[in-house]
>>> print(open('input_8.pdb').read())   # PDB, C-alpha atoms
ATOM      1  CA  MET A 677     -12.330  23.114 -27.989  1.00  0.00           C
ATOM      2  CA  ILE A 678      -9.366  24.130 -25.852  1.00  0.00           C
ATOM      3  CA  GLU A 679      -6.303  22.132 -26.913  1.00  0.00           C
ATOM      4  CA  LEU A 680      -4.023  20.721 -24.230  1.00  0.00           C
ATOM      5  CA  ASP A 681      -0.473  19.437 -24.689  1.00  0.00           C
ATOM      6  CA  PHE A 682      -0.511  15.671 -24.252  1.00  0.00           C
ATOM      7  CA  SER A 683       2.855  15.232 -25.948  1.00  0.00           C
ATOM      8  CA  LYS A 684       5.295  15.640 -23.078  1.00  0.00           C
ATOM      9  CA  SER A 685       4.698  12.505 -21.041  1.00  0.00           C
ATOM     10  CA  ALA A 686       5.781   9.098 -22.245  1.00  0.00           C
ATOM     11  CA  ASP A 687       2.234   7.770 -21.963  1.00  0.00           C
ATOM     12  CA  GLY A 688       0.312  10.732 -23.440  1.00  0.00           C
ATOM     13  CA  LEU A 689      -1.424  11.438 -20.146  1.00  0.00           C
ATOM     14  CA  ILE A 690      -1.521  14.669 -18.170  1.00  0.00           C
ATOM     15  CA  PRO A 691      -2.562  15.312 -14.573  1.00  0.00           C
ATOM     16  CA  ALA A 692      -5.974  16.632 -13.644  1.00  0.00           C
ATOM     17  CA  ILE A 693      -6.321  17.872 -10.084  1.00  0.00           C
ATOM     18  CA  ALA A 694      -9.826  17.782  -8.624  1.00  0.00           C
ATOM     19  CA  GLN A 695     -10.330  20.602  -6.143  1.00  0.00           C
ATOM     20  CA  ASP A 696     -13.422  21.433  -4.112  1.00  0.00           C
ATOM     21  CA  TYR A 697     -14.800  24.555  -5.782  1.00  0.00           C
ATOM     22  CA  GLN A 698     -15.886  26.063  -2.481  1.00  0.00           C
ATOM     23  CA  THR A 699     -13.219  25.170   0.064  1.00  0.00           C
ATOM     24  CA  GLY A 700     -10.147  24.753  -2.132  1.00  0.00           C
ATOM     25  CA  GLU A 701      -9.480  21.299  -0.677  1.00  0.00           C
ATOM     26  CA  ILE A 702      -7.664  19.055  -3.134  1.00  0.00           C
ATOM     27  CA  LEU A 703      -9.775  15.925  -3.460  1.00  0.00           C
ATOM     28  CA  MET A 704      -7.728  13.754  -5.800  1.00  0.00           C
ATOM     29  CA  MET A 705      -5.333  13.696  -8.725  1.00  0.00           C
ATOM     30  CA  ALA A 706      -5.850  11.471 -11.711  1.00  0.00           C
ATOM     31  CA  TYR A 707      -4.785  11.433 -15.332  1.00  0.00           C
ATOM     32  CA  ILE A 708      -6.596  12.460 -18.474  1.00  0.00           C
ATOM     33  CA  ASN A 709      -6.004  11.717 -22.134  1.00  0.00           C
ATOM     34  CA  LYS A 710      -7.551  13.561 -25.072  1.00  0.00           C
ATOM     35  CA  GLU A 711     -10.678  11.430 -24.983  1.00  0.00           C
ATOM     36  CA  SER A 712     -11.341  12.067 -21.292  1.00  0.00           C
ATOM     37  CA  TRP A 713     -10.707  15.785 -21.774  1.00  0.00           C
ATOM     38  CA  GLU A 714     -13.282  15.928 -24.559  1.00  0.00           C
ATOM     39  CA  TYR A 715     -15.707  13.829 -22.537  1.00  0.00           C
ATOM     40  CA  THR A 716     -15.320  16.103 -19.505  1.00  0.00           C
ATOM     41  CA  LEU A 717     -16.049  19.213 -21.561  1.00  0.00           C
ATOM     42  CA  ALA A 718     -19.004  17.588 -23.283  1.00  0.00           C
ATOM     43  CA  THR A 719     -20.652  16.195 -20.143  1.00  0.00           C
ATOM     44  CA  ASN A 720     -19.498  18.643 -17.449  1.00  0.00           C
ATOM     45  CA  HIS A 721     -18.570  15.659 -15.292  1.00  0.00           C
ATOM     46  CA  ALA A 722     -14.919  15.015 -14.429  1.00  0.00           C
ATOM     47  CA  THR A 723     -13.767  12.079 -16.548  1.00  0.00           C
ATOM     48  CA  TYR A 724     -10.313  10.537 -16.261  1.00  0.00           C
ATOM     49  CA  TYR A 725      -8.231   7.795 -17.818  1.00  0.00           C
ATOM     50  CA  SER A 726      -7.625   4.762 -15.621  1.00  0.00           C
ATOM     51  CA  ARG A 727      -4.032   3.599 -15.950  1.00  0.00           C
ATOM     52  CA  SER A 728      -4.807   0.292 -14.216  1.00  0.00           C
ATOM     53  CA  ARG A 729      -7.894  -0.523 -16.287  1.00  0.00           C
ATOM     54  CA  LYS A 730      -6.489   1.192 -19.390  1.00  0.00           C
ATOM     55  CA  LYS A 731      -9.735   2.861 -20.304  1.00  0.00           C
ATOM     56  CA  LEU A 732     -11.905   5.923 -19.871  1.00  0.00           C
ATOM     57  CA  TRP A 733     -12.895   6.378 -16.244  1.00  0.00           C
ATOM     58  CA  LYS A 734     -16.213   8.097 -15.795  1.00  0.00           C
ATOM     59  CA  LYS A 735     -15.719   9.075 -12.161  1.00  0.00           C
ATOM     60  CA  GLY A 736     -18.774   8.149 -10.092  1.00  0.00           C
ATOM     61  CA  GLU A 737     -20.390   6.035 -12.796  1.00  0.00           C
ATOM     62  CA  THR A 738     -20.651   3.065 -10.425  1.00  0.00           C
ATOM     63  CA  SER A 739     -20.770   4.778  -7.029  1.00  0.00           C
ATOM     64  CA  GLY A 740     -22.878   7.759  -8.062  1.00  0.00           C
ATOM     65  CA  ASN A 741     -20.202  10.050  -6.616  1.00  0.00           C
ATOM     66  CA  VAL A 742     -19.760  12.134  -9.741  1.00  0.00           C
ATOM     67  CA  GLN A 743     -17.802  15.370  -9.793  1.00  0.00           C
ATOM     68  CA  LYS A 744     -19.758  18.222 -11.329  1.00  0.00           C
ATOM     69  CA  ILE A 745     -17.465  20.659 -13.085  1.00  0.00           C
ATOM     70  CA  LYS A 746     -17.820  24.224 -11.824  1.00  0.00           C
ATOM     71  CA  GLU A 747     -14.703  25.666 -13.443  1.00  0.00           C
ATOM     72  CA  ILE A 748     -11.590  24.414 -15.212  1.00  0.00           C
ATOM     73  CA  LEU A 749      -8.192  26.083 -14.841  1.00  0.00           C
ATOM     74  CA  VAL A 750      -5.329  25.441 -17.258  1.00  0.00           C
ATOM     75  CA  ASP A 751      -1.668  25.934 -16.390  1.00  0.00           C
ATOM     76  CA  CYS A 752       0.956  28.005 -18.187  1.00  0.00           C
ATOM     77  CA  ASP A 753       2.232  25.056 -20.232  1.00  0.00           C
ATOM     78  CA  GLU A 754      -1.231  23.677 -21.004  1.00  0.00           C
ATOM     79  CA  ASP A 755      -0.236  20.284 -19.710  1.00  0.00           C
ATOM     80  CA  THR A 756      -2.012  20.228 -16.337  1.00  0.00           C
ATOM     81  CA  VAL A 757      -5.564  21.174 -15.421  1.00  0.00           C
ATOM     82  CA  ILE A 758      -7.559  21.827 -12.282  1.00  0.00           C
ATOM     83  CA  PHE A 759     -11.136  20.621 -12.192  1.00  0.00           C
ATOM     84  CA  LYS A 760     -12.988  22.771  -9.677  1.00  0.00           C
ATOM     85  CA  VAL A 761     -15.796  20.462  -8.732  1.00  0.00           C
ATOM     86  CA  GLU A 762     -18.801  19.800  -6.608  1.00  0.00           C
ATOM     87  CA  GLN A 763     -18.204  16.313  -5.207  1.00  0.00           C
ATOM     88  CA  ILE A 764     -21.555  14.545  -5.145  1.00  0.00           C
ATOM     89  CA  GLY A 765     -21.823  12.115  -2.234  1.00  0.00           C
ATOM     90  CA  GLY A 766     -19.079  13.994  -0.410  1.00  0.00           C
ATOM     91  CA  VAL A 767     -16.417  11.351  -0.997  1.00  0.00           C
ATOM     92  CA  ALA A 768     -13.792  11.354  -3.747  1.00  0.00           C
ATOM     93  CA  CYS A 769     -11.500   8.564  -2.529  1.00  0.00           C
ATOM     94  CA  HIS A 770     -12.090   4.835  -2.893  1.00  0.00           C
ATOM     95  CA  THR A 771     -10.943   4.470   0.729  1.00  0.00           C
ATOM     96  CA  GLY A 772     -14.066   6.297   1.905  1.00  0.00           C
ATOM     97  CA  HIS A 773     -12.199   9.452   2.854  1.00  0.00           C
ATOM     98  CA  ARG A 774     -13.389  12.728   1.381  1.00  0.00           C
ATOM     99  CA  SER A 775      -9.973  13.354  -0.188  1.00  0.00           C
ATOM    100  CA  CYS A 776      -7.305  10.923  -1.349  1.00  0.00           C
ATOM    101  CA  PHE A 777      -4.849  13.154   0.535  1.00  0.00           C
ATOM    102  CA  TYR A 778      -5.916  12.081   4.028  1.00  0.00           C
ATOM    103  CA  ARG A 779      -2.416  11.492   5.395  1.00  0.00           C
ATOM    104  CA  LYS A 780       0.446  13.797   6.203  1.00  0.00           C
ATOM    105  CA  VAL A 781       4.150  13.152   6.498  1.00  0.00           C
ATOM    106  CA  ASP A 782       4.943  13.050  10.182  1.00  0.00           C
ATOM    107  CA  GLY A 783       8.622  12.288  10.518  1.00  0.00           C
ATOM    108  CA  GLU A 784       9.058   8.647   9.499  1.00  0.00           C
ATOM    109  CA  ASN A 785       5.321   7.989   9.496  1.00  0.00           C
ATOM    110  CA  LEU A 786       2.151   8.878   7.655  1.00  0.00           C
ATOM    111  CA  THR A 787      -0.489  10.170  10.048  1.00  0.00           C
ATOM    112  CA  GLU A 788      -4.174  10.236   9.153  1.00  0.00           C
ATOM    113  CA  ILE A 789      -5.608  13.737   9.316  1.00  0.00           C
ATOM    114  CA  ALA A 790      -9.133  13.012   8.082  1.00  0.00           C
ATOM    115  CA  PRO A 791     -11.739  10.382   8.898  1.00  0.00           C
ATOM    116  CA  VAL A 792     -13.391   7.694   6.792  1.00  0.00           C
ATOM    117  CA  ILE A 793     -16.796   9.118   5.932  1.00  0.00           C
ATOM    118  CA  ILE A 794     -18.317   6.178   4.106  1.00  0.00           C
ATOM    119  CA  ASP A 795     -17.489   2.483   4.541  1.00  0.00           C
ATOM    120  CA  PRO A 796     -15.648   1.727   1.292  1.00  0.00           C
ATOM    121  CA  GLU A 797     -17.449  -1.635   1.131  1.00  0.00           C
ATOM    122  CA  LYS A 798     -20.672   0.268   0.682  1.00  0.00           C
ATOM    123  CA  MET A 799     -19.409   2.672  -1.964  1.00  0.00           C
ATOM    124  CA  TYR A 800     -19.576   0.381  -4.995  1.00  0.00           C
TER     125      TYR A 800
ATOM    126  CA  MET B 124      12.013   8.123   5.157  1.00  0.00           C
ATOM    127  CA  ILE B 125       8.512   7.816   3.724  1.00  0.00           C
ATOM    128  CA  GLU B 126       8.592   5.666   0.597  1.00  0.00           C
ATOM    129  CA  LEU B 127       6.578   6.734  -2.414  1.00  0.00           C
ATOM    130  CA  ASP B 128       5.639   4.598  -5.425  1.00  0.00           C
ATOM    131  CA  PHE B 129       7.595   5.843  -8.422  1.00  0.00           C
ATOM    132  CA  SER B 130       6.975   2.647 -10.397  1.00  0.00           C
ATOM    133  CA  LYS B 131       3.683   3.381 -12.143  1.00  0.00           C
ATOM    134  CA  SER B 132       4.664   6.029 -14.666  1.00  0.00           C
ATOM    135  CA  ALA B 133       6.777   5.241 -17.687  1.00  0.00           C
ATOM    136  CA  ASP B 134       9.362   7.839 -16.681  1.00  0.00           C
ATOM    137  CA  GLY B 135       9.568   7.138 -12.932  1.00  0.00           C
ATOM    138  CA  LEU B 136       8.163  10.545 -12.055  1.00  0.00           C
ATOM    139  CA  ILE B 137       5.154  11.391  -9.917  1.00  0.00           C
ATOM    140  CA  PRO B 138       3.217  14.644  -9.558  1.00  0.00           C
ATOM    141  CA  ALA B 139       3.800  17.063  -6.710  1.00  0.00           C
ATOM    142  CA  ILE B 140       1.164  19.748  -6.299  1.00  0.00           C
ATOM    143  CA  ALA B 141       2.295  22.952  -4.613  1.00  0.00           C
ATOM    144  CA  GLN B 142      -0.529  24.529  -2.659  1.00  0.00           C
ATOM    145  CA  ASP B 143      -0.512  27.731  -0.618  1.00  0.00           C
ATOM    146  CA  TYR B 144      -0.568  26.497   2.982  1.00  0.00           C
ATOM    147  CA  GLN B 145      -2.804  29.355   4.096  1.00  0.00           C
ATOM    148  CA  THR B 146      -5.288  29.994   1.278  1.00  0.00           C
ATOM    149  CA  GLY B 147      -5.449  26.565  -0.396  1.00  0.00           C
ATOM    150  CA  GLU B 148      -4.651  28.121  -3.781  1.00  0.00           C
ATOM    151  CA  ILE B 149      -2.891  25.661  -6.079  1.00  0.00           C
ATOM    152  CA  LEU B 150       0.309  27.375  -7.195  1.00  0.00           C
ATOM    153  CA  MET B 151       1.825  24.853  -9.595  1.00  0.00           C
ATOM    154  CA  MET B 152       2.250  21.201 -10.419  1.00  0.00           C
ATOM    155  CA  ALA B 153       5.608  19.680 -11.211  1.00  0.00           C
ATOM    156  CA  TYR B 154       7.175  16.264 -11.091  1.00  0.00           C
ATOM    157  CA  ILE B 155       9.443  14.635  -8.551  1.00  0.00           C
ATOM    158  CA  ASN B 156      11.703  11.626  -8.697  1.00  0.00           C
ATOM    159  CA  LYS B 157      13.217   9.819  -5.736  1.00  0.00           C
ATOM    160  CA  GLU B 158      16.160  12.209  -5.558  1.00  0.00           C
ATOM    161  CA  SER B 159      13.958  15.316  -5.463  1.00  0.00           C
ATOM    162  CA  TRP B 160      11.717  13.717  -2.845  1.00  0.00           C
ATOM    163  CA  GLU B 161      14.717  13.027  -0.607  1.00  0.00           C
ATOM    164  CA  TYR B 162      16.094  16.501  -1.230  1.00  0.00           C
ATOM    165  CA  THR B 163      12.758  18.096  -0.349  1.00  0.00           C
ATOM    166  CA  LEU B 164      12.556  16.210   2.940  1.00  0.00           C
ATOM    167  CA  ALA B 165      16.175  16.972   3.784  1.00  0.00           C
ATOM    168  CA  THR B 166      16.061  20.697   3.008  1.00  0.00           C
ATOM    169  CA  ASN B 167      12.385  21.550   3.658  1.00  0.00           C
ATOM    170  CA  HIS B 168      12.338  23.386   0.333  1.00  0.00           C
ATOM    171  CA  ALA B 169      10.173  22.059  -2.522  1.00  0.00           C
ATOM    172  CA  THR B 170      12.497  20.411  -5.021  1.00  0.00           C
ATOM    173  CA  TYR B 171      11.315  18.970  -8.319  1.00  0.00           C
ATOM    174  CA  TYR B 172      12.688  17.184 -11.359  1.00  0.00           C
ATOM    175  CA  SER B 173      12.817  19.228 -14.540  1.00  0.00           C
ATOM    176  CA  ARG B 174      11.697  17.154 -17.510  1.00  0.00           C
ATOM    177  CA  SER B 175      13.050  19.702 -19.992  1.00  0.00           C
ATOM    178  CA  ARG B 176      16.469  20.080 -18.358  1.00  0.00           C
ATOM    179  CA  LYS B 177      16.509  16.445 -17.189  1.00  0.00           C
ATOM    180  CA  LYS B 178      17.863  17.262 -13.772  1.00  0.00           C
ATOM    181  CA  LEU B 179      17.050  18.157 -10.207  1.00  0.00           C
ATOM    182  CA  TRP B 180      15.173  21.448 -10.038  1.00  0.00           C
ATOM    183  CA  LYS B 181      15.760  23.350  -6.828  1.00  0.00           C
ATOM    184  CA  LYS B 182      12.779  25.659  -7.142  1.00  0.00           C
ATOM    185  CA  GLY B 183      13.773  29.268  -6.505  1.00  0.00           C
ATOM    186  CA  GLU B 184      17.506  28.603  -6.597  1.00  0.00           C
ATOM    187  CA  THR B 185      17.997  31.282  -9.261  1.00  0.00           C
ATOM    188  CA  SER B 186      15.050  33.594  -8.594  1.00  0.00           C
ATOM    189  CA  GLY B 187      15.087  33.325  -4.811  1.00  0.00           C
ATOM    190  CA  ASN B 188      11.412  32.375  -4.918  1.00  0.00           C
ATOM    191  CA  VAL B 189      11.779  29.192  -2.889  1.00  0.00           C
ATOM    192  CA  GLN B 190       8.833  27.271  -1.525  1.00  0.00           C
ATOM    193  CA  LYS B 191       9.160  26.567   2.182  1.00  0.00           C
ATOM    194  CA  ILE B 192       7.498  23.290   3.089  1.00  0.00           C
ATOM    195  CA  LYS B 193       4.868  23.662   5.808  1.00  0.00           C
ATOM    196  CA  GLU B 194       3.245  20.233   5.430  1.00  0.00           C
ATOM    197  CA  ILE B 195       3.293  17.335   2.987  1.00  0.00           C
ATOM    198  CA  LEU B 196       0.217  15.247   2.205  1.00  0.00           C
ATOM    199  CA  VAL B 197       0.426  11.847   0.531  1.00  0.00           C
ATOM    200  CA  ASP B 198      -2.398  10.255  -1.444  1.00  0.00           C
ATOM    201  CA  CYS B 199      -4.012   6.846  -1.002  1.00  0.00           C
ATOM    202  CA  ASP B 200      -1.778   5.188  -3.606  1.00  0.00           C
ATOM    203  CA  GLU B 201       1.405   6.934  -2.470  1.00  0.00           C
ATOM    204  CA  ASP B 202       2.078   8.156  -5.975  1.00  0.00           C
ATOM    205  CA  THR B 203       1.090  11.821  -5.684  1.00  0.00           C
ATOM    206  CA  VAL B 204       1.963  14.390  -3.039  1.00  0.00           C
ATOM    207  CA  ILE B 205       0.843  17.859  -2.023  1.00  0.00           C
ATOM    208  CA  PHE B 206       3.477  20.285  -0.865  1.00  0.00           C
ATOM    209  CA  LYS B 207       1.764  22.826   1.361  1.00  0.00           C
ATOM    210  CA  VAL B 208       4.111  25.742   1.029  1.00  0.00           C
ATOM    211  CA  GLU B 209       4.909  29.309   1.828  1.00  0.00           C
ATOM    212  CA  GLN B 210       5.795  30.862  -1.530  1.00  0.00           C
ATOM    213  CA  ILE B 211       8.663  33.270  -0.946  1.00  0.00           C
ATOM    214  CA  GLY B 212       8.496  36.258  -3.291  1.00  0.00           C
ATOM    215  CA  GLY B 213       4.816  35.629  -3.864  1.00  0.00           C
ATOM    216  CA  VAL B 214       5.209  34.228  -7.360  1.00  0.00           C
ATOM    217  CA  ALA B 215       5.373  30.550  -8.308  1.00  0.00           C
ATOM    218  CA  CYS B 216       5.021  30.805 -12.099  1.00  0.00           C
ATOM    219  CA  HIS B 217       7.752  31.721 -14.574  1.00  0.00           C
ATOM    220  CA  THR B 218       5.165  33.956 -16.311  1.00  0.00           C
ATOM    221  CA  GLY B 219       5.150  36.276 -13.294  1.00  0.00           C
ATOM    222  CA  HIS B 220       1.701  35.189 -12.148  1.00  0.00           C
ATOM    223  CA  ARG B 221       1.322  33.980  -8.571  1.00  0.00           C
ATOM    224  CA  SER B 222      -0.012  30.628  -9.773  1.00  0.00           C
ATOM    225  CA  CYS B 223       0.613  28.727 -13.003  1.00  0.00           C
ATOM    226  CA  PHE B 224      -3.172  28.245 -13.123  1.00  0.00           C
ATOM    227  CA  TYR B 225      -4.023  31.820 -14.071  1.00  0.00           C
ATOM    228  CA  ARG B 226      -6.424  30.976 -16.898  1.00  0.00           C
ATOM    229  CA  LYS B 227      -9.826  29.375 -16.960  1.00  0.00           C
ATOM    230  CA  VAL B 228     -11.695  27.598 -19.724  1.00  0.00           C
ATOM    231  CA  ASP B 229     -14.265  30.034 -21.059  1.00  0.00           C
ATOM    232  CA  GLY B 230     -16.050  28.312 -23.913  1.00  0.00           C
ATOM    233  CA  GLU B 231     -13.566  28.106 -26.766  1.00  0.00           C
ATOM    234  CA  ASN B 232     -11.106  30.444 -25.066  1.00  0.00           C
ATOM    235  CA  LEU B 233      -8.771  30.661 -22.113  1.00  0.00           C
ATOM    236  CA  THR B 234      -9.469  33.762 -20.043  1.00  0.00           C
ATOM    237  CA  GLU B 235      -6.927  35.213 -17.625  1.00  0.00           C
ATOM    238  CA  ILE B 236      -8.269  35.372 -14.100  1.00  0.00           C
ATOM    239  CA  ALA B 237      -5.170  36.643 -12.307  1.00  0.00           C
ATOM    240  CA  PRO B 238      -2.660  39.407 -12.978  1.00  0.00           C
ATOM    241  CA  VAL B 239       1.059  39.345 -13.638  1.00  0.00           C
ATOM    242  CA  ILE B 240       2.629  40.355 -10.332  1.00  0.00           C
ATOM    243  CA  ILE B 241       6.275  40.501 -11.335  1.00  0.00           C
ATOM    244  CA  ASP B 242       7.718  41.213 -14.778  1.00  0.00           C
ATOM    245  CA  PRO B 243       9.058  37.785 -15.766  1.00  0.00           C
ATOM    246  CA  GLU B 244      12.121  39.482 -17.300  1.00  0.00           C
ATOM    247  CA  LYS B 245      13.040  40.577 -13.800  1.00  0.00           C
ATOM    248  CA  MET B 246      12.522  37.239 -12.109  1.00  0.00           C
ATOM    249  CA  TYR B 247      15.747  35.519 -13.138  1.00  0.00           C
TER     250      TYR B 247
END
>>> encode(input="input_8.pdb", output="structure tokens")
Amino acid sequence: MIELDFSKSADGLIPAIAQDYQTGEILMMAYINKESWEYTLATNHATYYSRSRKKLWKKGETSGNVQKIKEILVDCDEDTVIFKVEQIGGVACHTGHRSCFYRKVDGENLTEIAPVIIDPEKMY
Amino acid sequence: MIELDFSKSADGLIPAIAQDYQTGEILMMAYINKESWEYTLATNHATYYSRSRKKLWKKGETSGNVQKIKEILVDCDEDTVIFKVEQIGGVACHTGHRSCFYRKVDGENLTEIAPVIIDPEKMY
């Protein structure tokens, strides 16, 4: 198994960037620990570590919106990865937007640049 | 100024993903603190925090390979940003590759998927 360097952050977590494998759109960023890395490789579904719940986060387990791994890129320092994924259900963000990055800096404001696709009340 | 949430990580740093503003290619991921965030907004050049040198990292200050900010996206939790950039000099990675993510997971190995563009000895 490919070894990553989890040693550099205070909490032993490293960033995993989920990117649409076809369009290149960045869908979300979340953290992984060693267990979620192993689980991702074993299942071919993006699996993170939830800092708020302090446990393995099998993305889409509740909503069905899993992220199928198409390719994984590793950076020069082996402490960040890109999950190139197929986003089942079309929505990665708990807000109901396709991407968590649905706002841009617009002077002193954040302006929405993408619509809500699914009512977040209906996602879980 | 747009406020970000630097409180959730143990070290007060949050990820900034540099993405080519035209192609969507992810060039690198580095960390920012409040000072680098303010500096980025003030100068319109991507500015990070170097964990190894423990100081502000004005990307490209030595090599000339600055990243001109074209747009900044902020995520739902306001604790991760995307810098959509124009990469001056064409190379973001200290290895001389355009992107730090020049290798993919290929079974038990990492396979290079992109060439060295500039001899890293000549970058600095």
>>> closest_atom_pairs(input="input_8.pdb", of="chain A", to="chain B", cutoff="10 Å", atoms="only C-alpha atoms", output="CSV")
residue,atom,partner,partner_atom,distance
A:Met677,CA,B:Glu231,CA,5.3
A:Ile678,CA,B:Glu231,CA,5.9
A:Glu679,CA,B:Glu231,CA,9.4
A:Lys684,CA,B:Arg174,CA,8.6
A:Ser685,CA,B:Asp134,CA,7.9
A:Ala686,CA,B:Ala133,CA,6.1
A:Asp687,CA,B:Ala133,CA,6.7
A:Leu689,CA,B:Ser132,CA,9.8
A:Ile690,CA,B:Pro138,CA,9.8
A:Pro691,CA,B:Pro138,CA,7.7
A:Ala692,CA,B:Met152,CA,9.9
A:Ile693,CA,B:Ile140,CA,8.6
A:Gln695,CA,B:Ile149,CA,9.0
A:Thr699,CA,B:Gly147,CA,7.9
A:Gly700,CA,B:Gly147,CA,5.3
A:Glu701,CA,B:Gly147,CA,6.6
A:Ile702,CA,B:Gly147,CA,8.3
A:Leu703,CA,B:Asp198,CA,9.5
A:Met704,CA,B:Asp198,CA,7.7
A:Met705,CA,B:Thr203,CA,7.3
A:Ala706,CA,B:Thr203,CA,9.2
A:Leu717,CA,B:Gly230,CA,9.4
A:Arg727,CA,B:Lys131,CA,8.6
A:Ser728,CA,B:Lys131,CA,9.3
A:Glu747,CA,B:Lys227,CA,7.1
A:Ile748,CA,B:Val228,CA,5.5
A:Leu749,CA,B:Lys227,CA,4.2
A:Val750,CA,B:Phe224,CA,5.4
A:Asp751,CA,B:Phe224,CA,4.3
A:Cys752,CA,B:Cys223,CA,5.2
A:Asp753,CA,B:Cys223,CA,8.3
A:Glu754,CA,B:Phe224,CA,9.3
A:Asp755,CA,B:Met152,CA,9.7
A:Thr756,CA,B:Met152,CA,7.4
A:Val757,CA,B:Phe224,CA,7.8
A:Ile758,CA,B:Phe224,CA,7.8
A:Cys769,CA,B:Cys199,CA,7.8
A:His770,CA,B:Cys199,CA,8.5
A:Thr771,CA,B:Cys199,CA,7.5
A:His773,CA,B:Cys199,CA,9.4
A:Ser775,CA,B:Asp198,CA,8.3
A:Cys776,CA,B:Asp198,CA,5.0
A:Phe777,CA,B:Asp198,CA,4.3
A:Tyr778,CA,B:Asp198,CA,6.8
A:Arg779,CA,B:Leu196,CA,5.6
A:Lys780,CA,B:Leu196,CA,4.3
A:Val781,CA,B:Ile195,CA,5.5
A:Asp782,CA,B:Ile195,CA,8.5
A:Gly783,CA,B:Met124,CA,7.6
A:Glu784,CA,B:Met124,CA,5.3
A:Asn785,CA,B:Ile125,CA,6.6
A:Leu786,CA,B:Ile125,CA,7.6
A:Thr787,CA,B:Leu196,CA,9.4
A:Glu788,CA,B:Leu196,CA,9.6
A:Ile789,CA,B:Leu196,CA,9.3
>>> atom_distance(input="input_8.pdb", atom1="atom CA of B:Thr185", atom2="atom CA of B:Ala215")
12.7 Å
>>> atom_distance(input="input_8.pdb", atom1="atom CA of B:Asn188", atom2="atom CA of A:Phe682")
28.2 Å
>>> closest_residue(input="input_8.pdb", among="B:Ile155, B:Val189, B:Val214, B:Ala165", to="B:Pro238", atoms="only C-alpha atoms")
B:Val214
>>> atom_distance(input="input_8.pdb", atom1="atom CA of B:Lys181", atom2="atom CA of B:Thr166")
10.2 Å
>>> residues_around(input="input_8.pdb", residues="A:Val761", least_positions_apart="4", cutoff="8 Å", atoms="all atoms listed in the file", output="PDB file with C-alpha atoms, in the frame of the given file")
ATOM      1  CA  ALA A 694      -9.826  17.782  -8.624  1.00  0.00           C
ATOM      2  CA  GLN A 695     -10.330  20.602  -6.143  1.00  0.00           C
ATOM      3  CA  ASP A 696     -13.422  21.433  -4.112  1.00  0.00           C
ATOM      4  CA  TYR A 697     -14.800  24.555  -5.782  1.00  0.00           C
ATOM      5  CA  ALA A 722     -14.919  15.015 -14.429  1.00  0.00           C
ATOM      6  CA  GLN A 743     -17.802  15.370  -9.793  1.00  0.00           C
ATOM      7  CA  LYS A 744     -19.758  18.222 -11.329  1.00  0.00           C
ATOM      8  CA  ILE A 745     -17.465  20.659 -13.085  1.00  0.00           C
ATOM      9  CA  LYS A 746     -17.820  24.224 -11.824  1.00  0.00           C
ATOM     10  CA  GLU A 747     -14.703  25.666 -13.443  1.00  0.00           C
TER      11      GLU A 747
END
>>> closest_residue(input="input_8.pdb", among="B:Glu244, B:Leu179, B:Gly187, B:Asn156", to="B:Gly219", atoms="only C-alpha atoms")
B:Glu244
>>> residues_around(input="input_8.pdb", residues="A:Lys731", least_positions_apart="4", cutoff="10 Å", atoms="all atoms listed in the file", output="ChimeraX atom specification")
/A:709,711-712,724-727
>>> build_atoms(input="input_8.pdb", residues="stretch 185-195 of chain B", atoms="N, CA and C atoms", output="CSV table (one decimal), keeping the file's coordinate frame")
chain,number,residue,atom,x,y,z
B,185,THR,N,17.5,30.1,-8.5
B,185,THR,CA,18.0,31.3,-9.3
B,185,THR,C,17.2,32.5,-8.9
B,186,SER,N,15.9,32.4,-8.8
B,186,SER,CA,15.0,33.6,-8.6
B,186,SER,C,15.0,34.0,-7.1
B,187,GLY,N,15.3,33.1,-6.2
B,187,GLY,CA,15.1,33.3,-4.8
B,187,GLY,C,13.7,33.0,-4.3
B,188,ASN,N,12.8,32.7,-5.3
B,188,ASN,CA,11.4,32.4,-4.9
B,188,ASN,C,11.2,30.9,-4.5
B,189,VAL,N,11.9,30.6,-3.4
B,189,VAL,CA,11.8,29.2,-2.9
B,189,VAL,C,10.4,29.0,-2.3
B,190,GLN,N,10.1,27.7,-2.2
B,190,GLN,CA,8.8,27.3,-1.5
B,190,GLN,C,9.2,26.5,-0.2
B,191,LYS,N,8.9,27.2,0.9
B,191,LYS,CA,9.2,26.6,2.2
B,191,LYS,C,8.1,25.6,2.5
B,192,ILE,N,8.5,24.3,2.8
B,192,ILE,CA,7.5,23.3,3.1
B,192,ILE,C,6.9,23.5,4.5
B,193,LYS,N,5.6,23.6,4.5
B,193,LYS,CA,4.9,23.7,5.8
B,193,LYS,C,4.3,22.3,6.2
B,194,GLU,N,3.9,21.6,5.2
B,194,GLU,CA,3.2,20.2,5.4
B,194,GLU,C,3.3,19.5,4.1
B,195,ILE,N,3.4,18.2,4.2
B,195,ILE,CA,3.3,17.3,3.0
B,195,ILE,C,2.2,16.3,3.2
